[in-house]
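Okay, work_27.cif now, which holds mmCIF, C-alpha atoms:
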```cif
data_query
loop_
_atom_site.label_atom_id
_atom_site.label_comp_id
_atom_site.auth_asym_id
_atom_site.auth_seq_id
_atom_site.Cartn_x
_atom_site.Cartn_y
_atom_site.Cartn_z
CA MET P 1 0.00 0.00 0.00
CA ILE P 2 2.92 2.35 0.59
CA ARG P 3 4.23 2.62 -2.94
CA PRO P 4 1.18 4.28 -4.51
CA PHE P 5 1.21 7.01 -1.90
CA TYR P 6 4.76 7.97 -2.79
CA SER P 7 3.82 8.12 -6.45
CA PHE P 8 1.05 10.60 -5.60
CA LEU P 9 3.60 12.71 -3.76
CA LEU P 10 5.84 12.74 -6.83
CA ILE P 11 2.93 13.77 -9.02
CA ALA P 12 2.20 16.61 -6.63
CA LEU P 13 5.78 17.81 -6.57
CA ALA P 14 6.02 17.66 -10.34
CA GLY P 15 2.99 19.87 -10.79
CA SER P 16 3.60 23.59 -10.90
CA ALA P 17 0.75 25.40 -12.63
CA PRO P 18 -2.24 25.98 -10.37
CA LEU P 19 -5.12 24.24 -12.09
CA LEU P 20 -8.70 23.55 -11.18
CA ALA P 21 -10.31 20.27 -12.04
CA HIS P 22 -13.20 20.51 -9.63
CA HIS P 23 -15.99 21.82 -11.78
CA SER P 24 -17.84 23.20 -8.78
CA PHE P 25 -15.00 24.87 -6.94
CA ALA P 26 -15.83 28.44 -7.94
CA ALA P 27 -19.50 27.98 -7.08
CA GLU P 28 -19.08 26.17 -3.78
CA TYR P 29 -15.82 27.12 -2.05
CA ASP P 30 -13.99 30.25 -1.01
CA ASP P 31 -10.33 30.21 -1.96
CA THR P 32 -9.65 33.06 0.47
CA LYS P 33 -10.67 30.85 3.41
CA PRO P 34 -8.13 28.05 3.79
CA ILE P 35 -8.73 25.50 6.53
CA LYS P 36 -6.43 22.98 8.16
CA VAL P 37 -7.74 20.49 10.72
CA ILE P 38 -6.66 17.26 12.40
CA GLY P 39 -9.39 14.73 13.11
CA THR P 40 -10.70 11.21 12.99
CA VAL P 41 -12.39 9.95 9.83
CA THR P 42 -16.02 9.07 10.62
CA LYS P 43 -17.45 8.36 7.16
CA VAL P 44 -16.42 8.16 3.50
CA GLU P 45 -18.85 8.67 0.61
CA TRP P 46 -17.15 7.46 -2.56
CA GLN P 47 -19.80 8.85 -4.85
CA ASN P 48 -20.36 11.26 -7.74
CA PRO P 49 -20.01 14.01 -8.57
CA HIS P 50 -17.24 14.27 -5.95
CA ILE P 51 -16.19 12.13 -3.00
CA TRP P 52 -16.91 13.34 0.53
CA PHE P 53 -15.28 12.31 3.76
CA TYR P 54 -16.16 13.38 7.28
CA LEU P 55 -13.92 14.17 10.21
CA ASP P 56 -14.54 14.54 13.94
CA VAL P 57 -12.36 17.45 15.01
CA LYS P 58 -11.79 18.34 18.67
CA GLY P 59 -11.68 22.08 19.29
CA GLU P 60 -9.59 23.89 21.90
CA ASP P 61 -12.59 23.84 24.21
CA GLY P 62 -12.79 20.06 23.89
CA LYS P 63 -15.97 20.20 21.85
CA VAL P 64 -16.05 17.80 18.88
CA THR P 65 -17.29 19.14 15.54
CA ASN P 66 -17.92 17.04 12.45
CA TYR P 67 -16.46 18.51 9.24
CA ALA P 68 -17.24 17.34 5.71
CA PHE P 69 -14.58 17.53 2.99
CA SER P 70 -15.13 17.16 -0.74
CA GLY P 71 -12.54 15.76 -3.15
CA GLY P 72 -12.29 14.73 -6.78
CA ALA P 73 -14.66 12.60 -8.83
CA PRO P 74 -14.32 8.88 -7.99
CA GLY P 75 -13.48 7.99 -11.60
CA GLN P 76 -10.67 10.50 -11.86
CA LEU P 77 -9.21 9.33 -8.55
CA MET P 78 -9.49 5.62 -9.30
CA ARG P 79 -7.83 6.03 -12.69
CA ARG P 80 -4.88 7.41 -10.75
CA GLY P 81 -4.92 4.39 -8.44
CA ILE P 82 -6.51 6.18 -5.46
CA MET P 83 -9.22 3.85 -4.18
CA LYS P 84 -11.75 4.26 -1.41
CA SER P 85 -9.43 2.31 0.89
CA ALA P 86 -7.01 5.26 0.81
CA ILE P 87 -9.13 6.98 3.47
CA GLN P 88 -10.00 4.63 6.32
CA VAL P 89 -12.78 5.29 8.82
CA GLY P 90 -11.25 5.57 12.28
CA SER P 91 -7.87 6.84 11.14
CA THR P 92 -6.44 10.18 12.19
CA VAL P 93 -5.58 12.54 9.37
CA THR P 94 -4.69 16.15 8.72
CA VAL P 95 -6.72 17.83 5.98
CA ASP P 96 -5.81 21.03 4.14
CA GLY P 97 -8.55 22.66 2.13
CA PHE P 98 -10.88 25.60 1.57
CA LYS P 99 -14.12 26.37 3.38
CA ALA P 100 -17.52 26.34 1.73
CA LYS P 101 -18.98 29.72 0.82
CA ASP P 102 -21.99 29.18 3.07
CA GLY P 103 -19.83 29.24 6.21
CA SER P 104 -20.89 25.72 7.25
CA ASN P 105 -18.57 22.95 8.37
CA ASN P 106 -18.21 21.82 4.79
CA ALA P 107 -15.01 22.32 2.84
CA PHE P 108 -12.96 21.28 -0.14
CA GLY P 109 -10.21 18.93 1.04
CA SER P 110 -7.25 19.27 -1.25
CA LYS P 111 -4.73 17.29 0.80
CA VAL P 112 -4.96 14.49 3.34
CA THR P 113 -1.88 13.62 5.39
CA TYR P 114 -1.46 10.66 7.73
CA PRO P 115 0.57 11.07 10.94
CA ASP P 116 3.49 9.18 9.38
CA GLY P 117 3.69 11.72 6.58
CA ARG P 118 1.95 9.68 3.89
CA MET P 119 -0.18 11.95 1.74
CA VAL P 120 -3.36 11.01 -0.05
CA PHE P 121 -4.65 13.53 -2.49
CA THR P 122 -8.38 13.45 -2.53
CA ALA P 123 -8.71 16.27 -4.99
CA ASN P 124 -8.09 15.77 -8.67
CA GLN P 125 -4.47 15.65 -9.58
CA GLU P 126 -4.39 19.23 -10.72
CA ASP P 127 -6.11 20.52 -7.61
CA GLN P 128 -3.16 19.58 -5.46
CA THR P 129 -1.47 22.82 -6.38
CA LYS P 130 -4.62 24.83 -5.80
CA ARG P 131 -3.86 28.30 -4.49
CA MET A 23 18.78 -12.66 -57.30
CA LYS A 24 17.18 -15.66 -55.65
CA LYS A 25 17.53 -13.95 -52.27
CA LEU A 26 15.81 -10.82 -53.62
CA THR A 27 12.97 -12.90 -55.05
CA ILE A 28 12.42 -14.55 -51.67
CA GLN A 29 12.43 -11.16 -49.93
CA LEU A 30 9.90 -9.76 -52.40
CA SER A 31 7.70 -12.82 -51.94
CA LEU A 32 7.83 -12.38 -48.18
CA LEU A 33 6.92 -8.72 -48.51
CA ALA A 34 3.99 -9.57 -50.78
CA ALA A 35 2.79 -12.22 -48.33
CA ALA A 36 3.10 -9.78 -45.43
CA ALA A 37 1.08 -7.18 -47.33
CA ALA A 38 -1.61 -9.74 -48.16
CA PHE A 39 -2.00 -10.80 -44.54
CA ALA A 40 -1.89 -7.33 -42.97
CA PRO A 41 -4.86 -5.47 -44.47
CA VAL A 42 -5.84 -3.95 -41.12
CA TYR A 43 -2.67 -1.93 -40.68
CA ALA A 44 -1.08 -1.51 -44.10
CA GLN A 45 -2.26 1.20 -46.45
CA ALA A 46 -0.12 3.38 -48.57
CA SER A 47 -0.91 6.89 -47.38
CA THR A 48 -0.72 6.59 -43.59
CA PRO A 49 1.69 4.52 -41.57
CA ALA A 50 0.37 1.67 -39.42
CA ILE A 51 -2.91 3.07 -38.17
CA PRO A 52 -5.79 0.87 -37.03
CA ARG A 53 -8.32 0.20 -39.81
CA THR A 54 -11.69 -1.47 -40.01
CA ALA A 55 -12.30 -4.47 -42.26
CA ASP A 56 -13.54 -2.14 -45.00
CA GLY A 57 -10.36 -0.06 -44.83
CA LYS A 58 -11.63 2.99 -42.94
CA PRO A 59 -9.47 4.34 -40.12
CA ASP A 60 -10.71 2.70 -36.92
CA PHE A 61 -11.16 5.00 -33.93
CA THR A 62 -12.65 2.39 -31.60
CA GLY A 63 -10.73 2.59 -28.33
CA THR A 64 -10.20 4.33 -25.00
CA TYR A 65 -8.67 7.78 -24.96
CA GLN A 66 -7.57 10.73 -22.90
CA TRP A 67 -9.66 13.85 -23.39
CA PRO A 68 -8.45 16.25 -26.13
CA THR A 69 -5.28 17.95 -24.87
CA TYR A 70 -3.16 20.89 -25.96
CA LEU A 71 -0.58 20.92 -28.69
CA PRO A 72 2.75 22.44 -27.65
CA GLY A 73 2.65 26.23 -27.51
CA ALA A 74 -1.09 26.58 -26.92
CA GLU A 75 -2.36 28.90 -24.21
CA ARG A 76 -3.39 26.81 -21.19
CA GLY A 77 -6.09 27.81 -18.77
CA ARG A 78 -6.27 27.13 -15.04
CA SER A 79 -8.97 24.50 -15.41
CA SER A 80 -7.80 20.93 -15.81
CA ALA A 81 -10.25 20.81 -18.70
CA THR A 82 -8.68 21.86 -21.99
CA THR A 83 -9.70 25.35 -23.09
CA PHE A 84 -9.40 27.27 -26.32
CA ASP A 85 -6.42 29.49 -27.06
CA ARG A 86 -7.59 33.04 -27.70
CA LYS A 87 -4.98 33.61 -30.36
CA ASN A 88 -7.00 31.29 -32.62
CA PHE A 89 -10.20 33.29 -32.22
CA ALA A 90 -11.55 35.29 -35.14
CA PRO A 91 -12.48 38.88 -34.20
CA LEU A 92 -15.81 39.34 -32.44
CA LYS A 93 -18.37 40.95 -34.70
CA PRO A 94 -20.57 43.85 -33.50
CA GLY A 95 -23.06 42.27 -31.13
CA GLY A 96 -20.73 39.33 -30.54
CA GLU A 97 -19.68 40.75 -27.16
CA ALA A 98 -22.33 38.49 -25.62
CA PHE A 99 -19.66 35.81 -26.02
CA LEU A 100 -17.83 37.28 -23.01
CA GLU A 101 -20.90 37.20 -20.82
CA PRO A 102 -19.99 38.43 -17.34
CA ARG A 103 -20.60 36.38 -14.24
CA THR A 104 -23.64 37.43 -12.29
CA GLY A 105 -22.95 35.93 -8.86
CA ASP A 106 -25.87 33.56 -9.41
CA PRO A 107 -24.31 30.08 -9.48
CA ARG A 108 -27.16 28.76 -11.62
CA HIS A 109 -25.86 31.08 -14.32
CA ASP A 110 -22.18 31.11 -13.46
CA GLU A 111 -21.63 27.36 -13.09
CA PRO A 112 -24.73 25.39 -14.09
CA ARG A 113 -22.82 22.12 -13.80
CA ASP A 114 -22.81 22.71 -10.05
CA PHE A 115 -26.53 21.88 -10.27
CA CYS A 116 -25.81 18.82 -12.44
CA MET A 117 -26.72 20.67 -15.62
CA PRO A 118 -24.80 19.37 -18.65
CA ALA A 119 -21.51 20.78 -19.90
CA GLY A 120 -22.72 20.55 -23.50
CA PHE A 121 -20.47 20.39 -26.55
CA PRO A 122 -17.68 21.34 -26.95
CA ALA A 123 -17.02 22.07 -23.23
CA GLY A 124 -17.95 18.54 -22.11
CA MET A 125 -15.69 16.90 -24.68
CA LEU A 126 -12.77 18.93 -23.29
CA SER A 127 -13.33 17.88 -19.65
CA ALA A 128 -10.45 16.04 -18.00
CA ASN A 129 -11.92 12.53 -17.98
CA ALA A 130 -11.42 9.39 -20.02
CA MET A 131 -13.53 8.75 -23.09
CA GLN A 132 -14.31 5.75 -25.23
CA PHE A 133 -15.08 5.65 -28.97
CA PHE A 134 -17.15 2.88 -30.56
CA GLN A 135 -17.12 2.85 -34.35
CA THR A 136 -19.28 0.81 -36.71
CA LYS A 137 -19.95 1.31 -40.39
CA ASN A 138 -22.94 3.54 -39.68
CA TYR A 139 -22.12 5.18 -36.34
CA LEU A 140 -19.38 6.63 -34.22
CA THR A 141 -20.45 6.75 -30.58
CA ILE A 142 -18.37 8.81 -28.18
CA VAL A 143 -18.90 8.13 -24.49
CA HIS A 144 -17.16 10.58 -22.17
CA GLU A 145 -16.79 9.81 -18.48
CA PHE A 146 -17.66 13.37 -17.45
CA GLN A 147 -21.41 13.36 -16.91
CA ARG A 148 -21.42 10.14 -19.00
CA MET A 149 -21.80 12.31 -22.08
CA SER A 150 -22.74 10.19 -25.09
CA ARG A 151 -22.66 11.47 -28.65
CA ILE A 152 -24.18 9.17 -31.25
CA ILE A 153 -22.91 10.32 -34.63
CA PRO A 154 -24.50 8.82 -37.77
CA LEU A 155 -22.01 8.07 -40.56
CA ASP A 156 -24.54 6.75 -43.07
CA GLY A 157 -24.96 9.95 -45.06
CA ARG A 158 -28.23 11.10 -43.53
CA PRO A 159 -28.85 14.86 -43.25
CA HIS A 160 -29.22 16.82 -40.01
CA ARG A 161 -32.59 16.31 -38.37
CA LYS A 162 -35.30 18.85 -39.05
CA ASP A 163 -37.76 20.39 -36.61
CA ILE A 164 -36.03 19.37 -33.42
CA GLU A 165 -35.31 21.69 -30.53
CA PRO A 166 -31.81 23.13 -30.05
CA SER A 167 -29.82 21.05 -27.56
CA PHE A 168 -26.77 21.17 -25.30
CA TYR A 169 -24.82 18.73 -27.48
CA GLY A 170 -26.27 19.66 -30.85
CA ASP A 171 -27.17 17.41 -33.77
CA PRO A 172 -24.12 15.71 -35.30
CA VAL A 173 -23.62 13.87 -38.57
CA GLY A 174 -20.33 12.49 -39.85
CA HIS A 175 -18.77 11.67 -43.18
CA TRP A 176 -15.41 10.50 -44.46
CA GLU A 177 -12.97 12.66 -46.40
CA GLY A 178 -10.24 10.15 -47.20
CA ASP A 179 -8.77 9.05 -43.88
CA THR A 180 -10.35 11.95 -41.99
CA LEU A 181 -13.67 11.57 -40.20
CA VAL A 182 -15.52 14.88 -40.37
CA ILE A 183 -18.31 15.53 -37.86
CA VAL A 184 -20.53 18.55 -38.39
CA THR A 185 -22.80 19.49 -35.47
CA LYS A 186 -25.60 22.07 -35.55
CA ASN A 187 -28.66 23.17 -33.61
CA PHE A 188 -27.13 24.08 -30.26
CA LYS A 189 -28.66 25.95 -27.36
CA ARG A 190 -26.69 29.02 -26.30
CA TRP A 191 -24.31 27.58 -23.70
CA MET A 192 -20.76 27.61 -22.36
CA MET A 193 -18.08 26.97 -24.99
CA ASP A 194 -15.30 25.99 -22.61
CA ASP A 195 -14.07 26.29 -18.99
CA TYR A 196 -12.00 29.43 -19.46
CA PHE A 197 -13.94 31.28 -16.74
CA TYR A 198 -11.93 29.29 -14.18
CA THR A 199 -8.90 31.16 -15.56
CA ASP A 200 -10.52 34.56 -15.96
CA PRO A 201 -14.00 35.10 -14.51
CA LYS A 202 -14.51 37.93 -16.99
CA GLU A 203 -14.41 35.49 -19.90
CA PHE A 204 -17.44 33.29 -19.62
CA ARG A 205 -17.25 32.34 -23.32
CA MET A 206 -20.86 31.60 -24.26
CA HIS A 207 -21.36 30.43 -27.84
CA SER A 208 -24.60 31.44 -29.54
CA ASP A 209 -27.42 29.28 -30.87
CA ALA A 210 -26.01 29.86 -34.38
CA LEU A 211 -22.98 27.68 -33.64
CA THR A 212 -21.87 25.00 -36.07
CA THR A 213 -18.88 22.90 -35.05
CA THR A 214 -16.77 20.81 -37.39
CA GLU A 215 -14.49 18.15 -35.95
CA ARG A 216 -11.83 16.63 -38.16
CA ILE A 217 -10.52 13.42 -36.64
CA GLN A 218 -7.46 11.77 -38.12
CA TRP A 219 -4.80 9.38 -36.88
CA LYS A 220 -1.42 11.11 -36.61
CA ASP A 221 0.38 7.96 -35.54
CA LYS A 222 -0.75 4.73 -33.94
CA ASP A 223 -1.11 6.38 -30.50
CA THR A 224 -2.31 9.87 -31.38
CA ILE A 225 -5.36 11.33 -33.06
CA SER A 226 -5.31 14.83 -34.49
CA TYR A 227 -8.51 16.56 -33.40
CA LEU A 228 -9.16 19.77 -35.32
CA LEU A 229 -12.19 21.63 -34.00
CA THR A 230 -13.68 24.48 -36.01
CA ILE A 231 -16.00 27.01 -34.38
CA ASP A 232 -18.35 28.68 -36.82
CA ASP A 233 -20.55 31.03 -34.81
CA PRO A 234 -21.74 33.79 -37.15
CA LYS A 235 -23.60 35.65 -34.40
CA THR A 236 -20.34 35.93 -32.48
CA PHE A 237 -17.30 35.87 -34.76
CA THR A 238 -16.53 37.54 -38.09
CA LYS A 239 -15.47 34.18 -39.55
CA PRO A 240 -14.95 30.54 -38.55
CA TRP A 241 -11.80 29.66 -36.62
CA SER A 242 -10.12 26.44 -35.59
CA GLN A 243 -7.85 24.89 -33.00
CA GLU A 244 -6.07 21.58 -33.27
CA PHE A 245 -5.84 19.34 -30.20
CA GLN A 246 -4.43 15.86 -29.77
CA ILE A 247 -6.21 12.81 -28.43
CA LYS A 248 -3.91 10.18 -26.95
CA ALA A 249 -4.90 6.52 -27.08
CA LYS A 250 -4.97 5.00 -23.58
CA PRO A 251 -5.31 1.24 -24.11
CA GLU A 252 -4.08 0.77 -20.54
CA TRP A 253 -7.29 2.47 -19.30
CA ASP A 254 -9.41 0.00 -21.21
CA ALA A 255 -9.08 -2.82 -18.68
CA VAL A 256 -10.91 -0.86 -15.99
CA GLY A 257 -13.04 1.15 -18.40
CA LEU A 258 -15.05 4.27 -17.75
CA PHE A 259 -16.52 4.85 -14.31
CA GLU A 260 -20.11 5.80 -13.62
CA TYR A 261 -20.88 9.52 -13.28
CA VAL A 262 -24.30 10.19 -11.83
CA CYS A 263 -24.06 13.80 -10.72
CA GLU A 264 -27.31 13.71 -8.79
CA GLU A 265 -26.08 10.92 -6.53
CA ASN A 266 -24.42 13.05 -3.87
CA ASN A 267 -24.26 16.67 -5.05
CA ARG A 268 -24.10 17.99 -1.49
CA CYS A 269 -23.36 21.70 -2.04
CA PRO A 270 -25.27 22.91 -5.10
CA GLY A 271 -24.59 26.59 -5.58
CA GLY A 272 -22.51 26.66 -2.42
CA LYS A 273 -25.43 25.81 -0.13
CA CYS A 274 -24.38 22.63 1.58
CA GLN A 275 -26.66 20.06 3.11
CA GLY A 276 -26.10 19.28 6.76
CA ASN A 277 -23.66 16.64 7.83
#
```
Represent the structure from my file as structure tokens, please.
Amino acid sequence: MIRPFYSFLLIALAGSAPLLAHHSFAAEYDDTKPIKVIGTVTKVEWQNPHIWFYLDVKGEDGKVTNYAFSGGAPGQLMRRGIMKSAIQVGSTVTVDGFKAKDGSNNAFGSKVTYPDGRMVFTANQEDQTKR
Amino acid sequence: MKKLTIQLSLLAAAAAFAPVYAQASTPAIPRTADGKPDFTGTYQWPTYLPGAERGRSSATTFDRKNFAPLKPGGEAFLEPRTGDPRHDEPRDFCMPAGFPAGMLSANAMQFFQTKNYLTIVHEFQRMSRIIPLDGRPHRKDIEPSFYGDPVGHWEGDTLVIVTKNFKRWMMDDYFYTDPKEFRMHSDALTTTERIQWKDKDTISYLLTIDDPKTFTKPWSQEFQIKAKPEWDAVGLFEYVCEENNRCPGGKCQGN
């Protein structure tokens, strides 16, 4: 399982131009509101038009909030070898992304990092270099 | 002399047994039993030729340097965004990309060619274009549509697809690069696609935009379509946009 993750990392490093593959990004997310959280994966929806995964995130006050993160289309991800098993319910991950325009706990998750440094890119390949 | 005769005989035998790939004008391209170029296969979406202007969308977009000048009244082509996502990004509500924008989306596509039809299935929104090749005319008295009404014919080894009767709709994804360029073609659009094998792995895809309400004359851009036989084993994936479109227009459902 390790090898594919490294290949995603190489793809990410090779990319330079900021590109958008997520056809809804402009309509749904605010690229001036980046978000970075650490949490436990509670659910994965590997469905069209874009995958969603959910995270329980503990705030400074100890209160747990569930966040939802959108990624690429399942077909685009799977053609790159990223399967549903790349994001496991119960695992702890760090997610970098952009908040939804409606101010809710929904966001676009452009990067998922495991505690050991492995990175799974849930966005389309080109989104990894999103501003 | 005897050696030469044997070599010539071998060449003749090879030619006789290789009708699918051997024809004089083009090197080693796939051909159907009746000798037409065969485009059946799995492909990457049309991508840029070297030197073309690239947008910020992963979808391929048109290079402005190919555009003909806008004619008076053609400014509607650069329709500004309104802030209403139903106008600014209708695909966010699972509305179709239409042609040509959908064809240029960054997903795999599969071509199925028979004597009378070329069918193009694109993974994005599971777009399917059924293109008659049997010489029939464009259909009469049908409503304009997002993907238009295509018919195809052969000009030598080039398959020419002419599509008419479009709704006014987005031409490409350039608005992800510059929100001030929404690039809406008019309902007068006729597209002509010229599809030709360049080599055994690459199709030349020349797309002509003839939109007389918008441009002073037709203009064209050539793209390339790369064969991806390695994608064929898994095939296209389902794309049902309505399945879990959680944040249409930026208004997310609860979680």
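At a cut-off of 6 Å from (-12.2, 15.3, -37.5), the residue set is Thr180, Leu181, Val182, Glu215, Arg216, Ile217, Gln218, Tyr227 and Leu228 of chain A (counting only C-alpha atoms).
Counting from CA of Trp46 (chain P), the distance to CA of Arg113 (chain A) is 19.3 Å.
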task = Identify, on the basis of all atoms listed in the file, every residue whose closest approach to Lys93 (chain A) does not exceed 6 Å; exclude the query and any residue fewer than 2 positions from it along the same chain; express the result as a PyMOL selection string.
result = chain A and resi 96+236-238
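Distance check against chain A using all atoms listed in the file: of P:Asp61, P:Asp56, P:Asp96, P:Asp116, the minimum falls on P:Asp56.
Atom pair CA of Phe121 (chain A) / CA of Trp253 (chain A): separated by 23.4 Å.
In this model, the gap between CA of Ile231 (chain A) and CA of Asp60 (chain A) comes to 25.0 Å.
Polymer residues near (-17.1, 35.9, -23.1): counting all atoms listed in the file with a cut-off of 8 Å, they are Glu97, Ala98, Phe99, Leu100, Glu101, Pro102, Lys202, Glu203, Phe204, Arg205 and Met206 of chain A.
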ask   = What are the residues of chain A that have an atom within 6 Å of an atom of chain P, counting all atoms listed in the file, as a PyMOL selection string?
value = chain A and resi 78-80+107+114+259+261-263+265-266+271-273
request  = Give me the result of the PyMOL selection byres ((chain P and resi 115) around 8) on this file, residue by residue, as an NGL selection string.
outcome  = :P and (92-94 or 113-114 or 116-118)
request  = List the residues matched by the PyMOL selection byres ((chain A and resi 247) around 6) in the displayed structure as a list in words, ordered by chain and then by residue number.
outcome  = Pro68, Thr224, Ile225, Gln246 and Lys248 of chain A
Applied to the shown file, which residues does the PyMOL selection byres ((chain A and resi 144) around 12) return, written as a compact mmCIF listing (two decimals) with C-alpha atoms, in the frame of the given file?
```txt
# COMPACT_ATOMS: atom_id res chain seq x y z
CA GLY P 75 -13.48 7.99 -11.60
CA GLY A 63 -10.73 2.59 -28.33
CA THR A 64 -10.20 4.33 -25.00
CA TYR A 65 -8.67 7.78 -24.96
CA GLN A 66 -7.57 10.73 -22.90
CA TRP A 67 -9.66 13.85 -23.39
CA PRO A 68 -8.45 16.25 -26.13
CA ALA A 119 -21.51 20.78 -19.90
CA GLY A 120 -22.72 20.55 -23.50
CA PHE A 121 -20.47 20.39 -26.55
CA PRO A 122 -17.68 21.34 -26.95
CA ALA A 123 -17.02 22.07 -23.23
CA GLY A 124 -17.95 18.54 -22.11
CA MET A 125 -15.69 16.90 -24.68
CA LEU A 126 -12.77 18.93 -23.29
CA SER A 127 -13.33 17.88 -19.65
CA ALA A 128 -10.45 16.04 -18.00
CA ASN A 129 -11.92 12.53 -17.98
CA ALA A 130 -11.42 9.39 -20.02
CA MET A 131 -13.53 8.75 -23.09
CA GLN A 132 -14.31 5.75 -25.23
CA PHE A 133 -15.08 5.65 -28.97
CA PHE A 134 -17.15 2.88 -30.56
CA THR A 141 -20.45 6.75 -30.58
CA ILE A 142 -18.37 8.81 -28.18
CA VAL A 143 -18.90 8.13 -24.49
CA GLU A 145 -16.79 9.81 -18.48
CA PHE A 146 -17.66 13.37 -17.45
CA GLN A 147 -21.41 13.36 -16.91
CA ARG A 148 -21.42 10.14 -19.00
CA MET A 149 -21.80 12.31 -22.08
CA SER A 150 -22.74 10.19 -25.09
CA ARG A 151 -22.66 11.47 -28.65
CA ILE A 152 -24.18 9.17 -31.25
CA GLY A 257 -13.04 1.15 -18.40
CA LEU A 258 -15.05 4.27 -17.75
CA PHE A 259 -16.52 4.85 -14.31
CA GLU A 260 -20.11 5.80 -13.62
CA TYR A 261 -20.88 9.52 -13.28
```
